[in-house]
$ cat final.pdb   # PDB, C-alpha atoms
ATOM      1  CA  LYS A   3       7.225 -25.534  -5.280
ATOM      2  CA  PRO A   4      10.532 -23.782  -4.521
ATOM      3  CA  SER A   5      10.493 -21.863  -1.243
ATOM      4  CA  ARG A   6      12.143 -18.501  -0.567
ATOM      5  CA  HIS A   7      12.627 -19.697   3.014
ATOM      6  CA  SER A   8      14.461 -22.911   2.169
ATOM      7  CA  ASP A   9      17.875 -23.721   3.624
ATOM      8  CA  ASP A  10      18.977 -24.795   0.159
ATOM      9  CA  ASP A  11      20.588 -21.872  -1.689
ATOM     10  CA  GLU A  12      19.608 -23.138  -5.138
ATOM     11  CA  GLU A  13      15.956 -23.597  -4.152
ATOM     12  CA  ARG A  14      15.827 -20.139  -2.545
ATOM     13  CA  SER A  15      17.432 -18.588  -5.628
ATOM     14  CA  LEU A  16      14.950 -20.306  -7.942
ATOM     15  CA  ALA A  17      12.000 -19.194  -5.799
ATOM     16  CA  ASN A  18      13.196 -15.589  -5.853
ATOM     17  CA  TRP A  19      13.747 -15.690  -9.609
ATOM     18  CA  ILE A  20      10.208 -16.995 -10.199
ATOM     19  CA  ARG A  21       8.816 -14.315  -7.878
ATOM     20  CA  VAL A  22      10.658 -11.533  -9.718
ATOM     21  CA  LEU A  23       9.449 -12.859 -13.070
ATOM     22  CA  ARG A  24       5.859 -13.017 -11.856
ATOM     23  CA  MET A  25       5.923  -9.498 -10.445
ATOM     24  CA  ARG A  26       8.129  -7.599 -12.884
ATOM     25  CA  ARG A  27       8.099  -9.582 -16.119
ATOM     26  CA  PRO A  28       4.652 -11.144 -16.563
ATOM     27  CA  ASP A  29       5.424 -11.867 -20.230
ATOM     28  CA  MET A  30       8.434 -13.988 -19.272
ATOM     29  CA  PHE A  31       6.468 -15.615 -16.458
ATOM     30  CA  ALA A  32       3.771 -16.622 -18.962
ATOM     31  CA  ALA A  33       6.481 -18.145 -21.149
ATOM     32  CA  LEU A  34       7.831 -20.045 -18.130
ATOM     33  CA  VAL A  35       4.370 -21.469 -17.399
ATOM     34  CA  THR A  36       4.127 -22.552 -21.034
ATOM     35  CA  LYS A  37       7.508 -24.328 -20.910
ATOM     36  CA  VAL A  38       7.113 -25.723 -17.367
ATOM     37  CA  PRO A  39       3.356 -26.319 -16.873
ATOM     38  CA  GLU A  40       3.891 -27.559 -13.292
ATOM     39  CA  VAL A  41       4.486 -23.936 -12.271
ATOM     40  CA  SER A  42       0.788 -23.188 -12.792
ATOM     41  CA  SER A  43      -0.184 -25.802 -10.174
ATOM     42  CA  TRP A  44       1.922 -24.033  -7.517
ATOM     43  CA  GLY A  45      -0.777 -21.412  -6.993
ATOM     44  CA  ILE A  46       1.213 -18.490  -8.356
ATOM     45  CA  GLY A  47       0.997 -16.492 -11.486
ATOM     46  CA  SER A  48      -1.757 -16.862 -14.014
ATOM     47  CA  SER A  49      -4.603 -16.852 -11.489
ATOM     48  CA  ARG A  50      -3.266 -13.611 -10.010
ATOM     49  CA  THR A  51      -3.947 -10.504 -11.997
ATOM     50  CA  ARG A  52      -3.075  -6.958 -11.079
ATOM     51  CA  ARG A  53      -6.227  -5.105 -10.108
ATOM     52  CA  THR A  54      -6.829  -1.401 -10.428
ATOM     53  CA  PHE A  55      -7.174   0.821  -7.384
ATOM     54  CA  GLU A  56     -10.927   1.055  -8.011
ATOM     55  CA  GLU A  57     -11.277  -2.730  -8.237
ATOM     56  CA  ARG A  58      -9.374  -3.200  -4.990
ATOM     57  CA  CYS A  59     -11.533  -0.559  -3.272
ATOM     58  CA  THR A  60     -14.667  -2.375  -4.446
ATOM     59  CA  GLN A  61     -13.236  -5.677  -3.240
ATOM     60  CA  LEU A  62     -12.488  -4.120   0.167
ATOM     61  CA  GLN A  63     -15.967  -2.559   0.373
ATOM     62  CA  GLU A  64     -17.532  -5.971  -0.255
ATOM     63  CA  TRP A  65     -15.250  -7.587   2.307
ATOM     64  CA  VAL A  66     -16.086  -4.928   4.928
ATOM     65  CA  HIS A  67     -19.809  -5.308   4.187
ATOM     66  CA  LYS A  68     -19.584  -9.026   5.026
ATOM     67  CA  ARG A  69     -17.482  -8.446   8.174
ATOM     68  CA  PRO A  70     -18.310  -4.952   9.479
ATOM     69  CA  ALA A  71     -16.520  -5.283  12.814
ATOM     70  CA  GLN A  72     -13.324  -6.763  11.377
ATOM     71  CA  LYS A  73     -10.109  -5.474   9.855
ATOM     72  CA  PRO A  74      -8.329  -7.650   7.256
ATOM     73  CA  SER A  75      -5.404  -9.522   8.798
ATOM     74  CA  THR A  76      -2.064 -10.338   7.194
ATOM     75  CA  ARG A  77      -2.098 -13.584   9.213
ATOM     76  CA  SER A  78      -5.454 -14.806   7.953
ATOM     77  CA  GLU A  79      -5.834 -18.231   6.362
ATOM     78  CA  ASP A  80      -8.177 -16.623   3.812
ATOM     79  CA  ASP A  81      -6.240 -15.556   0.693
ATOM     80  CA  GLU A  82      -8.531 -12.616  -0.098
ATOM     81  CA  GLU A  83      -8.364 -11.228   3.441
ATOM     82  CA  ARG A  84      -4.590 -11.602   3.597
ATOM     83  CA  SER A  85      -4.211  -9.980   0.171
ATOM     84  CA  LEU A  86      -6.368  -7.012   1.179
ATOM     85  CA  ALA A  87      -4.440  -6.562   4.428
ATOM     86  CA  HIS A  88      -1.112  -6.510   2.582
ATOM     87  CA  TRP A  89      -2.497  -4.071  -0.005
ATOM     88  CA  ILE A  90      -3.751  -1.687   2.698
ATOM     89  CA  GLY A  91      -0.411  -1.867   4.520
ATOM     90  CA  LYS A  92       1.500  -1.156   1.319
ATOM     91  CA  LEU A  93      -0.704   1.862   0.576
ATOM     92  CA  LYS A  94      -0.155   3.187   4.096
ATOM     93  CA  ARG A  95       3.628   2.854   3.832
ATOM     94  CA  LYS A  96       4.305   3.773   0.226
ATOM     95  CA  ARG A  97       1.325   5.727  -1.130
ATOM     96  CA  PRO A  98      -0.165   8.015   1.540
ATOM     97  CA  ASP A  99      -2.120   9.934  -1.111
ATOM     98  CA  SER A 100      -3.754   6.711  -2.321
ATOM     99  CA  PHE A 101      -4.351   5.632   1.268
ATOM    100  CA  ALA A 102      -6.173   8.932   1.903
ATOM    101  CA  ALA A 103      -8.284   8.241  -1.209
ATOM    102  CA  LEU A 104      -9.007   4.737   0.123
ATOM    103  CA  ILE A 105     -10.315   6.212   3.363
ATOM    104  CA  THR A 106     -12.626   8.438   1.333
ATOM    105  CA  LYS A 107     -13.982   5.426  -0.587
ATOM    106  CA  VAL A 108     -14.049   2.972   2.348
ATOM    107  CA  PRO A 109     -14.527   5.093   5.502
ATOM    108  CA  GLU A 110     -14.378   2.041   7.787
ATOM    109  CA  VAL A 111     -10.621   1.950   7.205
ATOM    110  CA  SER A 112     -10.215   5.089   9.321
ATOM    111  CA  ASN A 113     -11.650   3.253  12.345
ATOM    112  CA  TRP A 114      -9.055   0.469  12.231
ATOM    113  CA  ASP A 115      -6.195   2.438  13.732
ATOM    114  CA  ARG A 116      -5.050   5.898  14.631
ATOM    115  CA  SER A 117      -2.403   6.102  11.916
ATOM    116  CA  SER A 118      -5.061   6.022   9.209
ATOM    117  CA  LEU A 119      -6.618   9.151  10.704
ATOM    118  CA  ARG A 120      -3.198  10.822  10.685
ATOM    119  CA  THR A 121      -2.699   9.824   7.056
ATOM    120  CA  GLN A 122      -6.042  11.248   6.000
ATOM    121  CA  ARG A 123      -5.288  14.457   7.916
ATOM    122  CA  SER A 124      -1.806  14.652   6.469
ATOM    123  CA  PHE A 125      -3.099  14.835   2.953
ATOM    124  CA  GLU A 126      -6.495  16.541   2.961
ATOM    125  CA  VAL A 127      -6.334  18.801   5.987
ATOM    126  CA  ARG A 128      -2.618  19.472   5.686
ATOM    127  CA  CYS A 129      -3.111  20.861   2.179
ATOM    128  CA  THR A 130      -5.662  23.283   3.599
ATOM    129  CA  GLN A 131      -3.286  24.233   6.436
ATOM    130  CA  LEU A 132      -0.527  24.862   3.911
ATOM    131  CA  GLN A 133      -2.800  27.037   1.756
ATOM    132  CA  GLU A 134      -3.768  29.126   4.801
ATOM    133  CA  TRP A 135      -0.132  29.455   5.876
ATOM    134  CA  VAL A 136       0.930  30.582   2.376
ATOM    135  CA  GLN A 137      -1.859  33.202   2.346
ATOM    136  CA  LYS A 138      -0.548  34.609   5.635
ATOM    137  CA  HIS A 139       3.097  34.478   4.483
ATOM    138  CA  PRO A 140       2.982  35.062   0.700
ATOM    139  CA  SER A 141       6.684  35.744   0.177
ATOM    140  CA  SER A 142       8.158  32.802   2.095
ATOM    141  CA  LYS A 143       7.994  29.049   2.433
ATOM    142  CA  PRO A 144       7.720  27.029   5.659
ATOM    143  CA  SER A 145      11.072  26.496   7.383
ATOM    144  CA  ARG A 146      12.186  23.656   9.647
ATOM    145  CA  SER A 147      14.185  26.101  11.734
ATOM    146  CA  ALA A 148      11.236  28.411  12.500
ATOM    147  CA  ASP A 149      10.018  29.163  16.021
ATOM    148  CA  ASP A 150       6.410  28.472  15.054
ATOM    149  CA  ASP A 151       5.468  24.797  15.565
ATOM    150  CA  GLU A 152       2.929  24.839  12.738
ATOM    151  CA  GLU A 153       5.493  26.217  10.278
ATOM    152  CA  VAL A 154       8.053  23.579  11.296
ATOM    153  CA  SER A 155       5.420  20.863  10.973
ATOM    154  CA  LEU A 156       4.431  22.046   7.484
ATOM    155  CA  ALA A 157       8.084  22.258   6.394
ATOM    156  CA  GLU A 158       8.703  18.690   7.584
ATOM    157  CA  TRP A 159       5.577  17.485   5.790
ATOM    158  CA  ILE A 160       6.694  19.138   2.528
ATOM    159  CA  GLY A 161      10.120  17.530   2.937
ATOM    160  CA  TYR A 162       8.479  14.153   3.453
ATOM    161  CA  LEU A 163       6.354  14.560   0.317
ATOM    162  CA  LYS A 164       9.408  15.593  -1.710
ATOM    163  CA  SER A 165      11.319  12.530  -0.536
ATOM    164  CA  ARG A 166       8.463  10.274  -1.685
ATOM    165  CA  ALA A 167       8.158  11.854  -5.148
TER
END
$ encode --input "final.pdb" --output "C-alpha cells"
Amino acid sequence: KPSRHSDDDEERSLANWIRVLRMRRPDMFAALVTKVPEVSSWGIGSSRTRRTFEERCTQLQEWVHKRPAQKPSTRSEDDEERSLAHWIGKLKRKRPDSFAALITKVPEVSNWDRSSLRTQRSFEVRCTQLQEWVQKHPSSKPSRSADDDEEVSLAEWIGYLKSRA
C-alpha cells in the first residue's frame, strides 16, 4: 500500500492521489478498484461509506453507552473509536453549529472538555443574547469598537460566523 509518509516522492504522490480519489471522486475510486483489485485489500475505499450526521450520532451514542467514562481517542488502535474521535474534532473545528447539535443528541460530549461547553453556548445561548441585545438596540448592530464588553463579544461572534459561511 503506498504511504503518504514515504520518503519516496512517487509513492507519496500515488498515496495522495488515491486518497483524493477516495474522498472527492468515489466514482473514479470505484473504477480504480475495478482495474486494480489489489487496492481493495489495502483497507481503504469500498468498505468505508460516508455516514449521515444522524448515523454518526447513533454510532457515538452506542460507543458512549459501552464506555461511559471514556472519550474517543484519535490515538486508539480501534478503528471505530479513532474514526469517531476524528469526526468529533472535525465538527468542533469546522462545523460549530453541527457540534452544538451533537451535544444536544449526545450530552456526554459536553463533559469531555471545556471547549465543547463554549461551543454549545456560542450557538444556542449566544443567539438568545443577540436577540436580547437587538431588542434593546433596535436601530443598530453590535460593534467591535464599542465600550460595552457584551456588544464587542457579540460583534466578534457575528464576524466569526460570517467568516465560516
$ axis_aligned_box --input "final.pdb" --around "range 129-141 of chain A" --padding-each-side "4 Å" --output "AutoDock Vina command-line options"
--center_x 0.5 --center_y 28.3 --center_z 3.3 --size_x 20.3 --size_y 22.9 --size_z 14.3
$ closest_atom_pairs --input "final.pdb" --of "range 56-138 of chain A" --to "range 150-154 of chain A" --cutoff "12 Å" --atoms "all atoms listed in the file" --output "tab-separated table"
residue	atom	partner	partner_atom	distance
A:Arg128	CA	A:Glu152	CA	10.5
A:Gln131	CA	A:Glu152	CA	8.9
A:Leu132	CA	A:Glu153	CA	8.9
A:Gln133	CA	A:Glu153	CA	11.9
A:Glu134	CA	A:Glu153	CA	11.1
A:Trp135	CA	A:Glu153	CA	7.8
A:Val136	CA	A:Glu153	CA	10.1
A:Lys138	CA	A:Glu153	CA	11.3
$ closest_residue --input "final.pdb" --among "A:Glu56, A:Glu64, A:Asp99, A:Glu110" --to "Glu82 in chain A" --atoms "only C-alpha atoms"
A:Glu64
$ residues_around --input "final.pdb" --residues "Pro74 in chain A" --least-positions-apart "5" --cutoff "7 Å" --atoms "all atoms listed in the file" --output "PyMOL selection string"
chain A and resi 83-84+86-87
$ atom_distance --input "final.pdb" --atom1 "CA of Phe125 in chain A" --atom2 "CA of Ala102 in chain A"
6.7 Å
$ resolve_selection --input "final.pdb" --expression "the PyMOL selection byres ((chain A and resi 107) around 12)" --output "JSON, numbers by chain"
{"A": [55, 56, 57, 58, 59, 60, 61, 62, 63, 64, 66, 100, 101, 102, 103, 104, 105, 106, 108, 109, 110, 111, 112, 122]}
$ atom_distance --input "final.pdb" --atom1 "CA of Glu12 in chain A" --atom2 "CA of His88 in chain A"
27.7 Å
$ residues_near_point --input "final.pdb" --point "(6.1, 19.0, 5.2)" --cutoff "10 Å" --atoms "only C-alpha atoms" --output "PyMOL selection string"
chain A and resi 124+128-129+132+144-146+153-164
$ atom_distance --input "final.pdb" --atom1 "CA of Trp89 in chain A" --atom2 "CA of Ala71 in chain A"
19.0 Å
$ closest_residue --input "final.pdb" --among "A:Arg14, A:Lys92, A:Lys3, A:Arg69" --to "Trp44 in chain A" --atoms "all atoms listed in the file"
A:Lys3
$ closest_residue --input "final.pdb" --among "A:Ser8, A:Ser85, A:Asn18, A:Pro140" --to "Trp65 in chain A" --atoms "all atoms listed in the file"
A:Ser85
